[in-house]
file input-v4.pdb (PDB, C-alpha atoms)
ATOM      1  CA  MET W   1      14.195   5.318  -7.882  1.00  0.00           C
ATOM      2  CA  ARG W   2      15.000   7.966  -5.356  1.00  0.00           C
ATOM      3  CA  ALA W   3      12.271   9.525  -3.201  1.00  0.00           C
ATOM      4  CA  ASN W   4      12.443  12.935  -4.868  1.00  0.00           C
ATOM      5  CA  ILE W   5      12.189  11.358  -8.323  1.00  0.00           C
ATOM      6  CA  MET W   6       9.347   9.096  -7.232  1.00  0.00           C
ATOM      7  CA  LYS W   7       7.418  11.956  -5.606  1.00  0.00           C
ATOM      8  CA  ALA W   8       7.442  13.861  -8.899  1.00  0.00           C
ATOM      9  CA  HIS W   9       5.541  11.000 -10.565  1.00  0.00           C
ATOM     10  CA  VAL W  10       2.939  10.408  -7.866  1.00  0.00           C
ATOM     11  CA  ASN W  11      -0.628  11.184  -8.785  1.00  0.00           C
ATOM     12  CA  ARG W  12      -3.934   9.998  -7.388  1.00  0.00           C
ATOM     13  CA  GLN W  13      -4.336   7.313 -10.096  1.00  0.00           C
ATOM     14  CA  PHE W  14      -0.934   5.821  -9.256  1.00  0.00           C
ATOM     15  CA  ILE W  15      -1.797   5.811  -5.536  1.00  0.00           C
ATOM     16  CA  ARG W  16      -5.104   4.016  -6.227  1.00  0.00           C
ATOM     17  CA  GLU W  17      -3.221   1.379  -8.210  1.00  0.00           C
ATOM     18  CA  ILE W  18      -0.717   0.881  -5.371  1.00  0.00           C
ATOM     19  CA  GLU W  19      -3.641   0.365  -2.990  1.00  0.00           C
ATOM     20  CA  LYS W  20      -5.228  -2.141  -5.409  1.00  0.00           C
ATOM     21  CA  ALA W  21      -2.009  -4.035  -6.100  1.00  0.00           C
ATOM     22  CA  PHE W  22      -1.293  -4.361  -2.363  1.00  0.00           C
ATOM     23  CA  SER W  23      -4.810  -5.646  -1.633  1.00  0.00           C
ATOM     24  CA  THR W  24      -4.445  -8.250  -4.372  1.00  0.00           C
ATOM     25  CA  ILE W  25      -1.378  -9.645  -2.599  1.00  0.00           C
ATOM     26  CA  TYR W  26      -2.773  -9.265   0.936  1.00  0.00           C
ATOM     27  CA  PRO W  27      -6.592  -9.419   0.706  1.00  0.00           C
ATOM     28  CA  TYR W  28      -7.126  -9.008   4.467  1.00  0.00           C
ATOM     29  CA  LEU W  29      -4.952  -5.905   4.633  1.00  0.00           C
ATOM     30  CA  ARG W  30      -5.536  -2.491   3.186  1.00  0.00           C
ATOM     31  CA  ILE W  31      -3.071   0.280   2.557  1.00  0.00           C
ATOM     32  CA  GLU W  32      -4.301   3.860   2.588  1.00  0.00           C
ATOM     33  CA  PHE W  33      -2.714   7.122   1.635  1.00  0.00           C
ATOM     34  CA  PRO W  34      -4.270  10.388   2.796  1.00  0.00           C
ATOM     35  CA  LYS W  35      -7.035  11.715   0.604  1.00  0.00           C
ATOM     36  CA  ASP W  36      -6.858  15.195   2.146  1.00  0.00           C
ATOM     37  CA  GLY W  37      -3.952  17.382   3.123  1.00  0.00           C
ATOM     38  CA  ILE W  38      -1.658  16.147   0.363  1.00  0.00           C
ATOM     39  CA  ARG W  39      -1.292  17.990  -2.895  1.00  0.00           C
ATOM     40  CA  TRP W  40      -1.297  15.124  -5.384  1.00  0.00           C
ATOM     41  CA  MET W  41      -0.139  15.759  -8.913  1.00  0.00           C
ATOM     42  CA  THR W  42      -3.411  16.148 -10.810  1.00  0.00           C
ATOM     43  CA  VAL W  43      -2.256  16.193 -14.402  1.00  0.00           C
ATOM     44  CA  GLU W  44      -2.173  12.690 -15.816  1.00  0.00           C
ATOM     45  CA  GLU W  45       0.794  11.858 -17.972  1.00  0.00           C
ATOM     46  CA  GLU W  46      -0.288  11.650 -21.584  1.00  0.00           C
ATOM     47  CA  GLY W  47      -0.611   8.180 -23.017  1.00  0.00           C
ATOM     48  CA  ILE W  48      -0.501   6.305 -19.704  1.00  0.00           C
ATOM     49  CA  ASP W  49      -3.609   4.216 -19.191  1.00  0.00           C
ATOM     50  CA  SER W  50      -4.761   2.591 -15.956  1.00  0.00           C
ATOM     51  CA  GLU W  51      -3.210  -0.749 -17.001  1.00  0.00           C
ATOM     52  CA  ARG W  52       0.184   0.891 -17.167  1.00  0.00           C
ATOM     53  CA  TRP W  53      -0.350   2.637 -13.813  1.00  0.00           C
ATOM     54  CA  LEU W  54      -1.151  -0.775 -12.312  1.00  0.00           C
ATOM     55  CA  ARG W  55       2.031  -2.308 -13.758  1.00  0.00           C
ATOM     56  CA  GLN W  56       4.056   0.591 -12.357  1.00  0.00           C
ATOM     57  CA  ALA W  57       2.417   0.152  -8.951  1.00  0.00           C
ATOM     58  CA  GLN W  58       3.172  -3.581  -8.965  1.00  0.00           C
ATOM     59  CA  ASP W  59       6.759  -2.845  -9.976  1.00  0.00           C
ATOM     60  CA  LEU W  60       7.120  -0.290  -7.171  1.00  0.00           C
ATOM     61  CA  LEU W  61       5.945  -2.821  -4.569  1.00  0.00           C
ATOM     62  CA  LYS W  62       8.191  -5.555  -5.931  1.00  0.00           C
ATOM     63  CA  SER W  63      11.357  -3.722  -6.975  1.00  0.00           C
ATOM     64  CA  GLU W  64      11.491  -0.577  -4.856  1.00  0.00           C
ATOM     65  CA  VAL W  65       9.651  -1.557  -1.677  1.00  0.00           C
ATOM     66  CA  HIS W  66      10.799  -5.215  -1.811  1.00  0.00           C
ATOM     67  CA  LEU W  67       7.417  -6.290  -0.467  1.00  0.00           C
ATOM     68  CA  SER W  68       7.573  -9.715   1.182  1.00  0.00           C
ATOM     69  CA  ASP W  69       5.656 -11.826   3.682  1.00  0.00           C
ATOM     70  CA  ASP W  70       8.332 -11.307   6.348  1.00  0.00           C
ATOM     71  CA  MET W  71       8.317  -7.485   6.054  1.00  0.00           C
ATOM     72  CA  THR W  72       6.702  -5.834   9.066  1.00  0.00           C
ATOM     73  CA  VAL W  73       3.989  -3.217   8.840  1.00  0.00           C
ATOM     74  CA  GLY W  74       6.402  -0.694  10.333  1.00  0.00           C
ATOM     75  CA  GLU W  75       9.014  -1.460   7.688  1.00  0.00           C
ATOM     76  CA  LEU W  76       6.445  -1.129   4.900  1.00  0.00           C
ATOM     77  CA  GLU W  77       5.177   2.188   6.223  1.00  0.00           C
ATOM     78  CA  ALA W  78       8.721   3.546   6.545  1.00  0.00           C
ATOM     79  CA  ARG W  79       9.735   2.402   3.068  1.00  0.00           C
ATOM     80  CA  LEU W  80       6.680   3.912   1.390  1.00  0.00           C
ATOM     81  CA  GLN W  81       7.129   7.134   3.358  1.00  0.00           C
ATOM     82  CA  GLU W  82      10.736   7.269   2.160  1.00  0.00           C
ATOM     83  CA  LEU W  83       9.856   6.605  -1.487  1.00  0.00           C
ATOM     84  CA  LEU W  84       6.703   8.661  -1.864  1.00  0.00           C
ATOM     85  CA  ALA W  85       7.199  11.299   0.846  1.00  0.00           C
ATOM     86  CA  VAL W  86       3.608  10.922   2.058  1.00  0.00           C
ATOM     87  CA  PRO W  87       2.187   9.254   5.171  1.00  0.00           C
ATOM     88  CA  VAL W  88       0.627   5.823   4.836  1.00  0.00           C
ATOM     89  CA  ALA W  89      -1.566   3.676   7.075  1.00  0.00           C
ATOM     90  CA  ILE W  90      -2.064  -0.089   7.009  1.00  0.00           C
ATOM     91  CA  PHE W  91      -5.396  -1.592   8.083  1.00  0.00           C
ATOM     92  CA  ARG W  92      -6.305  -5.196   8.912  1.00  0.00           C
ATOM     93  CA  ARG W  93      -9.718  -6.743   8.385  1.00  0.00           C
ATOM     94  CA  SER W  94     -11.561  -7.498  11.609  1.00  0.00           C
ATOM     95  CA  GLY W  95     -14.921  -9.034  10.823  1.00  0.00           C
ATOM     96  CA  LYS W  96     -16.674  -6.412   8.737  1.00  0.00           C
ATOM     97  CA  SER W  97     -14.492  -3.557   9.988  1.00  0.00           C
ATOM     98  CA  TRP W  98     -10.970  -2.384   9.217  1.00  0.00           C
ATOM     99  CA  LEU W  99      -8.609  -1.665  12.124  1.00  0.00           C
ATOM    100  CA  GLU W 100      -5.423   0.343  11.863  1.00  0.00           C
ATOM    101  CA  THR W 101      -2.376  -1.800  12.700  1.00  0.00           C
ATOM    102  CA  LYS W 102      -0.630   0.754  14.945  1.00  0.00           C
ATOM    103  CA  MET W 103      -0.477  -1.631  17.908  1.00  0.00           C
ATOM    104  CA  THR W 104       0.858  -4.521  15.816  1.00  0.00           C
ATOM    105  CA  ARG W 105       3.368  -2.685  13.612  1.00  0.00           C
ATOM    106  CA  ASP W 106       6.025  -5.256  14.463  1.00  0.00           C
ATOM    107  CA  TRP W 107       3.965  -8.134  13.030  1.00  0.00           C
ATOM    108  CA  THR W 108       4.868  -9.328   9.553  1.00  0.00           C
ATOM    109  CA  LEU W 109       2.523  -8.747   6.640  1.00  0.00           C
ATOM    110  CA  LYS W 110       1.844 -12.489   6.532  1.00  0.00           C
ATOM    111  CA  GLN W 111       0.938 -12.564  10.239  1.00  0.00           C
ATOM    112  CA  GLN W 112      -1.318  -9.546   9.799  1.00  0.00           C
ATOM    113  CA  ASN W 113      -3.025 -10.990   6.725  1.00  0.00           C
ATOM    114  CA  ASP W 114      -3.496 -14.424   8.353  1.00  0.00           C
ATOM    115  CA  HIS W 115      -4.965 -12.824  11.475  1.00  0.00           C
ATOM    116  CA  GLY W 116      -7.283 -10.708   9.323  1.00  0.00           C
ATOM    117  CA  ARG W 117      -8.453 -13.864   7.518  1.00  0.00           C
ATOM    118  CA  GLU W 118      -9.165 -15.548  10.851  1.00  0.00           C
ATOM    119  CA  LEU W 119     -11.123 -12.546  12.119  1.00  0.00           C
ATOM    120  CA  ALA W 120     -13.050 -12.179   8.875  1.00  0.00           C
ATOM    121  CA  ASN W 121     -13.999 -15.856   8.843  1.00  0.00           C
ATOM    122  CA  GLY W 122     -14.807 -16.046  12.561  1.00  0.00           C
ATOM    123  CA  ILE W 123     -11.945 -18.415  13.391  1.00  0.00           C
ATOM    124  CA  LYS W 124     -10.526 -18.053  16.898  1.00  0.00           C
TER     125      LYS W 124
END
call {"tool": "encode", "arguments": {"input": "input-v4.pdb", "output": "structure tokens"}}
result
Amino acid sequence: MRANIMKAHVNRQFIREIEKAFSTIYPYLRIEFPKDGIRWMTVEEEGIDSERWLRQAQDLLKSEVHLSDDMTVGELEARLQELLAVPVAIFRRSGKSWLETKMTRDWTLKQQNDHGRELANGIK
């Protein structure tokens, strides 16, 4: 899928499913798309239920983004920006809080998730 084609199919439901699918893979990381300032497509495509949106989100992460443990946060942000033409932010769990990963953008998703697990569980 090309970015301009993908952008035409992006609606808030699809974005929520991308966020959910990502958090299922990396439970100590969270991906967020802007809730304000972006004009999301509001009309839902007829006949597409949330299960199908989830499958499409999972497919996007696997086939288009090529999500993997050795991908860095910076690479993920750039790829999603390219595909969806919207900004994205990645957060890592830190105890009970979520911290943006701006300072550790060169860490892999696995490193980020493992560090988030350690911080959430109080391991030093």
call {"tool": "resolve_selection", "arguments": {"input": "input-v4.pdb", "expression": "the PyMOL selection byres ((chain W and resi 77) around 10)", "output": "list of chain:residue names"}}
result
W:Ile31, W:Val65, W:Thr72, W:Val73, W:Gly74, W:Glu75, W:Leu76, W:Ala78, W:Arg79, W:Leu80, W:Gln81, W:Glu82, W:Val86, W:Pro87, W:Val88, W:Ala89, W:Ile90, W:Arg105
call {"tool": "closest_residue", "arguments": {"input": "input-v4.pdb", "among": "W:Leu29, W:Ala85, W:Ile15, W:Leu60", "to": "W:Lys110", "atoms": "all atoms listed in the file"}}
result
W:Leu29
call {"tool": "atom_distance", "arguments": {"input": "input-v4.pdb", "atom1": "atom CA of W:Ala57", "atom2": "atom CA of W:Glu118"}}
result
27.8 Å
call {"tool": "closest_residue", "arguments": {"input": "input-v4.pdb", "among": "W:Ser68, W:Gln56, W:Ser23, W:Ser63", "to": "W:Arg93", "atoms": "only C-alpha atoms"}}
result
W:Ser23
call {"tool": "closest_residue", "arguments": {"input": "input-v4.pdb", "among": "W:Ser97, W:Phe91, W:Gln58, W:Trp107", "to": "W:Ile25", "atoms": "all atoms listed in the file"}}
result
W:Gln58
call {"tool": "atom_distance", "arguments": {"input": "input-v4.pdb", "atom1": "atom CA of W:Arg117", "atom2": "atom CA of W:Leu61"}}
result
21.8 Å
call {"tool": "atom_distance", "arguments": {"input": "input-v4.pdb", "atom1": "atom CA of W:Glu32", "atom2": "atom CA of W:Glu100"}}
result
10.0 Å
call {"tool": "residues_around", "arguments": {"input": "input-v4.pdb", "residues": "W:Lys96", "least_positions_apart": "5", "cutoff": "10 Å", "atoms": "all atoms listed in the file", "output": "JSON list (two decimals) with C-alpha atoms, keeping the file's coordinate frame"}}
result
[["chain", "number", "residue", "atom", "x", "y", "z"],
["W", 119, "LEU", "CA", -11.12, -12.55, 12.12],
["W", 120, "ALA", "CA", -13.05, -12.18, 8.88],
["W", 121, "ASN", "CA", -14.00, -15.86, 8.84]]
call {"tool": "closest_residue", "arguments": {"input": "input-v4.pdb", "among": "W:Trp98, W:Arg52, W:Asp69, W:Thr104", "to": "W:Phe22", "atoms": "all atoms listed in the file"}}
result
W:Asp69
call {"tool": "closest_residue", "arguments": {"input": "input-v4.pdb", "among": "W:Thr108, W:Ala21, W:Asn113, W:Lys102", "to": "W:Glu51", "atoms": "only C-alpha atoms"}}
result
W:Ala21
call {"tool": "closest_residue", "arguments": {"input": "input-v4.pdb", "among": "W:Gln112, W:Leu67, W:Lys35, W:Arg92", "to": "W:Arg12", "atoms": "all atoms listed in the file"}}
result
W:Lys35
call {"tool": "decode", "arguments": {"input": "input-v4.pdb", "residues": "stretch 57-73 of chain W", "atoms": "all heavy atoms", "output": "mmCIF file, in the first residue's frame"}}
result
data_model
loop_
_atom_site.group_PDB
_atom_site.id
_atom_site.type_symbol
_atom_site.label_atom_id
_atom_site.label_comp_id
_atom_site.auth_asym_id
_atom_site.auth_seq_id
_atom_site.Cartn_x
_atom_site.Cartn_y
_atom_site.Cartn_z
ATOM 1 N N ALA W 57 -5.480 -3.844 10.911
ATOM 2 C CA ALA W 57 -4.426 -3.200 11.693
ATOM 3 C C ALA W 57 -3.262 -4.161 11.905
ATOM 4 O O ALA W 57 -2.094 -3.784 11.747
ATOM 5 C CB ALA W 57 -4.979 -2.725 13.033
ATOM 6 N N GLN W 58 -3.559 -5.407 12.238
ATOM 7 C CA GLN W 58 -2.515 -6.412 12.427
ATOM 8 C C GLN W 58 -1.746 -6.631 11.122
ATOM 9 O O GLN W 58 -0.522 -6.749 11.126
ATOM 10 C CB GLN W 58 -3.113 -7.724 12.928
ATOM 11 C CG GLN W 58 -3.647 -7.626 14.338
ATOM 12 C CD GLN W 58 -4.538 -8.801 14.727
ATOM 13 O OE1 GLN W 58 -5.174 -9.435 13.875
ATOM 14 N NE2 GLN W 58 -4.597 -9.083 16.019
ATOM 15 N N ASP W 59 -2.473 -6.674 10.018
ATOM 16 C CA ASP W 59 -1.845 -6.853 8.714
ATOM 17 C C ASP W 59 -0.944 -5.663 8.374
ATOM 18 O O ASP W 59 0.147 -5.838 7.841
ATOM 19 C CB ASP W 59 -2.910 -7.055 7.635
ATOM 20 C CG ASP W 59 -2.291 -7.378 6.284
ATOM 21 O OD1 ASP W 59 -1.479 -8.331 6.229
ATOM 22 O OD2 ASP W 59 -2.608 -6.684 5.306
ATOM 23 N N LEU W 60 -1.392 -4.464 8.673
ATOM 24 C CA LEU W 60 -0.579 -3.270 8.426
ATOM 25 C C LEU W 60 0.742 -3.375 9.187
ATOM 26 O O LEU W 60 1.809 -3.158 8.615
ATOM 27 C CB LEU W 60 -1.324 -2.007 8.863
ATOM 28 C CG LEU W 60 -0.462 -0.742 8.846
ATOM 29 C CD1 LEU W 60 -0.461 -0.128 7.462
ATOM 30 C CD2 LEU W 60 -0.915 0.241 9.879
ATOM 31 N N LEU W 61 0.678 -3.724 10.476
ATOM 32 C CA LEU W 61 1.895 -3.799 11.280
ATOM 33 C C LEU W 61 2.842 -4.893 10.779
ATOM 34 O O LEU W 61 4.053 -4.705 10.747
ATOM 35 C CB LEU W 61 1.547 -4.035 12.757
ATOM 36 C CG LEU W 61 0.858 -2.862 13.455
ATOM 37 C CD1 LEU W 61 0.419 -3.261 14.857
ATOM 38 C CD2 LEU W 61 1.747 -1.635 13.496
ATOM 39 N N LYS W 62 2.262 -6.006 10.349
ATOM 40 C CA LYS W 62 3.085 -7.120 9.892
ATOM 41 C C LYS W 62 3.604 -6.918 8.468
ATOM 42 O O LYS W 62 4.799 -7.029 8.216
ATOM 43 C CB LYS W 62 2.264 -8.410 9.965
ATOM 44 C CG LYS W 62 3.009 -9.636 9.524
ATOM 45 C CD LYS W 62 2.117 -10.859 9.603
ATOM 46 C CE LYS W 62 2.824 -12.086 9.059
ATOM 47 N NZ LYS W 62 1.944 -13.246 9.016
ATOM 48 N N SER W 63 2.719 -6.625 7.541
ATOM 49 C CA SER W 63 3.069 -6.610 6.123
ATOM 50 C C SER W 63 3.585 -5.278 5.599
ATOM 51 O O SER W 63 4.440 -5.258 4.711
ATOM 52 C CB SER W 63 1.854 -7.006 5.285
ATOM 53 O OG SER W 63 1.393 -8.274 5.675
ATOM 54 N N GLU W 64 3.061 -4.189 6.098
ATOM 55 C CA GLU W 64 3.451 -2.876 5.571
ATOM 56 C C GLU W 64 4.541 -2.218 6.418
ATOM 57 O O GLU W 64 5.465 -1.625 5.888
ATOM 58 C CB GLU W 64 2.234 -1.948 5.495
ATOM 59 C CG GLU W 64 1.152 -2.436 4.559
ATOM 60 C CD GLU W 64 1.579 -2.448 3.104
ATOM 61 O OE1 GLU W 64 2.364 -1.569 2.698
ATOM 62 O OE2 GLU W 64 1.137 -3.340 2.371
ATOM 63 N N VAL W 65 4.420 -2.321 7.726
ATOM 64 C CA VAL W 65 5.399 -1.712 8.622
ATOM 65 C C VAL W 65 6.592 -2.651 8.817
ATOM 66 O O VAL W 65 7.697 -2.212 9.033
ATOM 67 C CB VAL W 65 4.749 -1.365 9.990
ATOM 68 C CG1 VAL W 65 5.779 -0.855 10.982
ATOM 69 C CG2 VAL W 65 3.642 -0.338 9.797
ATOM 70 N N HIS W 66 6.357 -3.953 8.697
ATOM 71 C CA HIS W 66 7.378 -4.983 8.949
ATOM 72 C C HIS W 66 7.877 -4.888 10.386
ATOM 73 O O HIS W 66 9.082 -4.886 10.648
ATOM 74 C CB HIS W 66 8.531 -4.892 7.949
ATOM 75 C CG HIS W 66 8.079 -4.952 6.531
ATOM 76 N ND1 HIS W 66 7.555 -6.098 5.966
ATOM 77 C CD2 HIS W 66 8.031 -4.000 5.564
ATOM 78 C CE1 HIS W 66 7.224 -5.855 4.706
ATOM 79 N NE2 HIS W 66 7.490 -4.599 4.444
ATOM 80 N N LEU W 67 6.925 -4.786 11.299
ATOM 81 C CA LEU W 67 7.204 -4.671 12.726
ATOM 82 C C LEU W 67 8.034 -5.863 13.191
ATOM 83 O O LEU W 67 7.710 -7.009 12.890
ATOM 84 C CB LEU W 67 5.872 -4.627 13.491
ATOM 85 C CG LEU W 67 5.928 -4.272 14.953
ATOM 86 C CD1 LEU W 67 6.393 -2.832 15.128
ATOM 87 C CD2 LEU W 67 4.554 -4.444 15.575
ATOM 88 N N SER W 68 9.122 -5.583 13.912
ATOM 89 C CA SER W 68 9.969 -6.645 14.438
ATOM 90 C C SER W 68 10.662 -6.158 15.703
ATOM 91 O O SER W 68 10.764 -4.951 15.943
ATOM 92 C CB SER W 68 11.010 -7.069 13.407
ATOM 93 O OG SER W 68 11.940 -6.030 13.201
ATOM 94 N N ASP W 69 11.149 -7.106 16.491
ATOM 95 C CA ASP W 69 11.828 -6.776 17.741
ATOM 96 C C ASP W 69 13.058 -5.899 17.527
ATOM 97 O O ASP W 69 13.405 -5.100 18.394
ATOM 98 C CB ASP W 69 12.255 -8.054 18.473
ATOM 99 C CG ASP W 69 11.098 -8.767 19.145
ATOM 100 O OD1 ASP W 69 9.981 -8.204 19.193
ATOM 101 O OD2 ASP W 69 11.319 -9.891 19.636
ATOM 102 N N ASP W 70 13.733 -6.047 16.386
ATOM 103 C CA ASP W 70 14.964 -5.285 16.168
ATOM 104 C C ASP W 70 14.730 -3.939 15.467
ATOM 105 O O ASP W 70 15.680 -3.208 15.202
ATOM 106 C CB ASP W 70 16.006 -6.117 15.421
ATOM 107 C CG ASP W 70 15.541 -6.563 14.047
ATOM 108 O OD1 ASP W 70 14.332 -6.511 13.758
ATOM 109 O OD2 ASP W 70 16.408 -6.973 13.249
ATOM 110 N N MET W 71 13.474 -3.587 15.204
ATOM 111 C CA MET W 71 13.143 -2.270 14.656
ATOM 112 C C MET W 71 13.286 -1.242 15.777
ATOM 113 O O MET W 71 12.897 -1.495 16.905
ATOM 114 C CB MET W 71 11.703 -2.282 14.128
ATOM 115 C CG MET W 71 11.206 -0.944 13.636
ATOM 116 S SD MET W 71 9.507 -1.050 13.028
ATOM 117 C CE MET W 71 9.837 -1.244 11.296
ATOM 118 N N THR W 72 13.862 -0.090 15.456
ATOM 119 C CA THR W 72 13.977 0.954 16.477
ATOM 120 C C THR W 72 12.691 1.781 16.535
ATOM 121 O O THR W 72 11.888 1.776 15.589
ATOM 122 C CB THR W 72 15.157 1.906 16.202
ATOM 123 O OG1 THR W 72 14.877 2.659 15.017
ATOM 124 C CG2 THR W 72 16.472 1.152 16.089
ATOM 125 N N VAL W 73 12.542 2.501 17.626
ATOM 126 C CA VAL W 73 11.390 3.387 17.760
ATOM 127 C C VAL W 73 11.390 4.416 16.639
ATOM 128 O O VAL W 73 10.356 4.687 16.029
ATOM 129 C CB VAL W 73 11.398 4.070 19.146
ATOM 130 C CG1 VAL W 73 10.440 5.244 19.187
ATOM 131 C CG2 VAL W 73 11.042 3.068 20.233
#
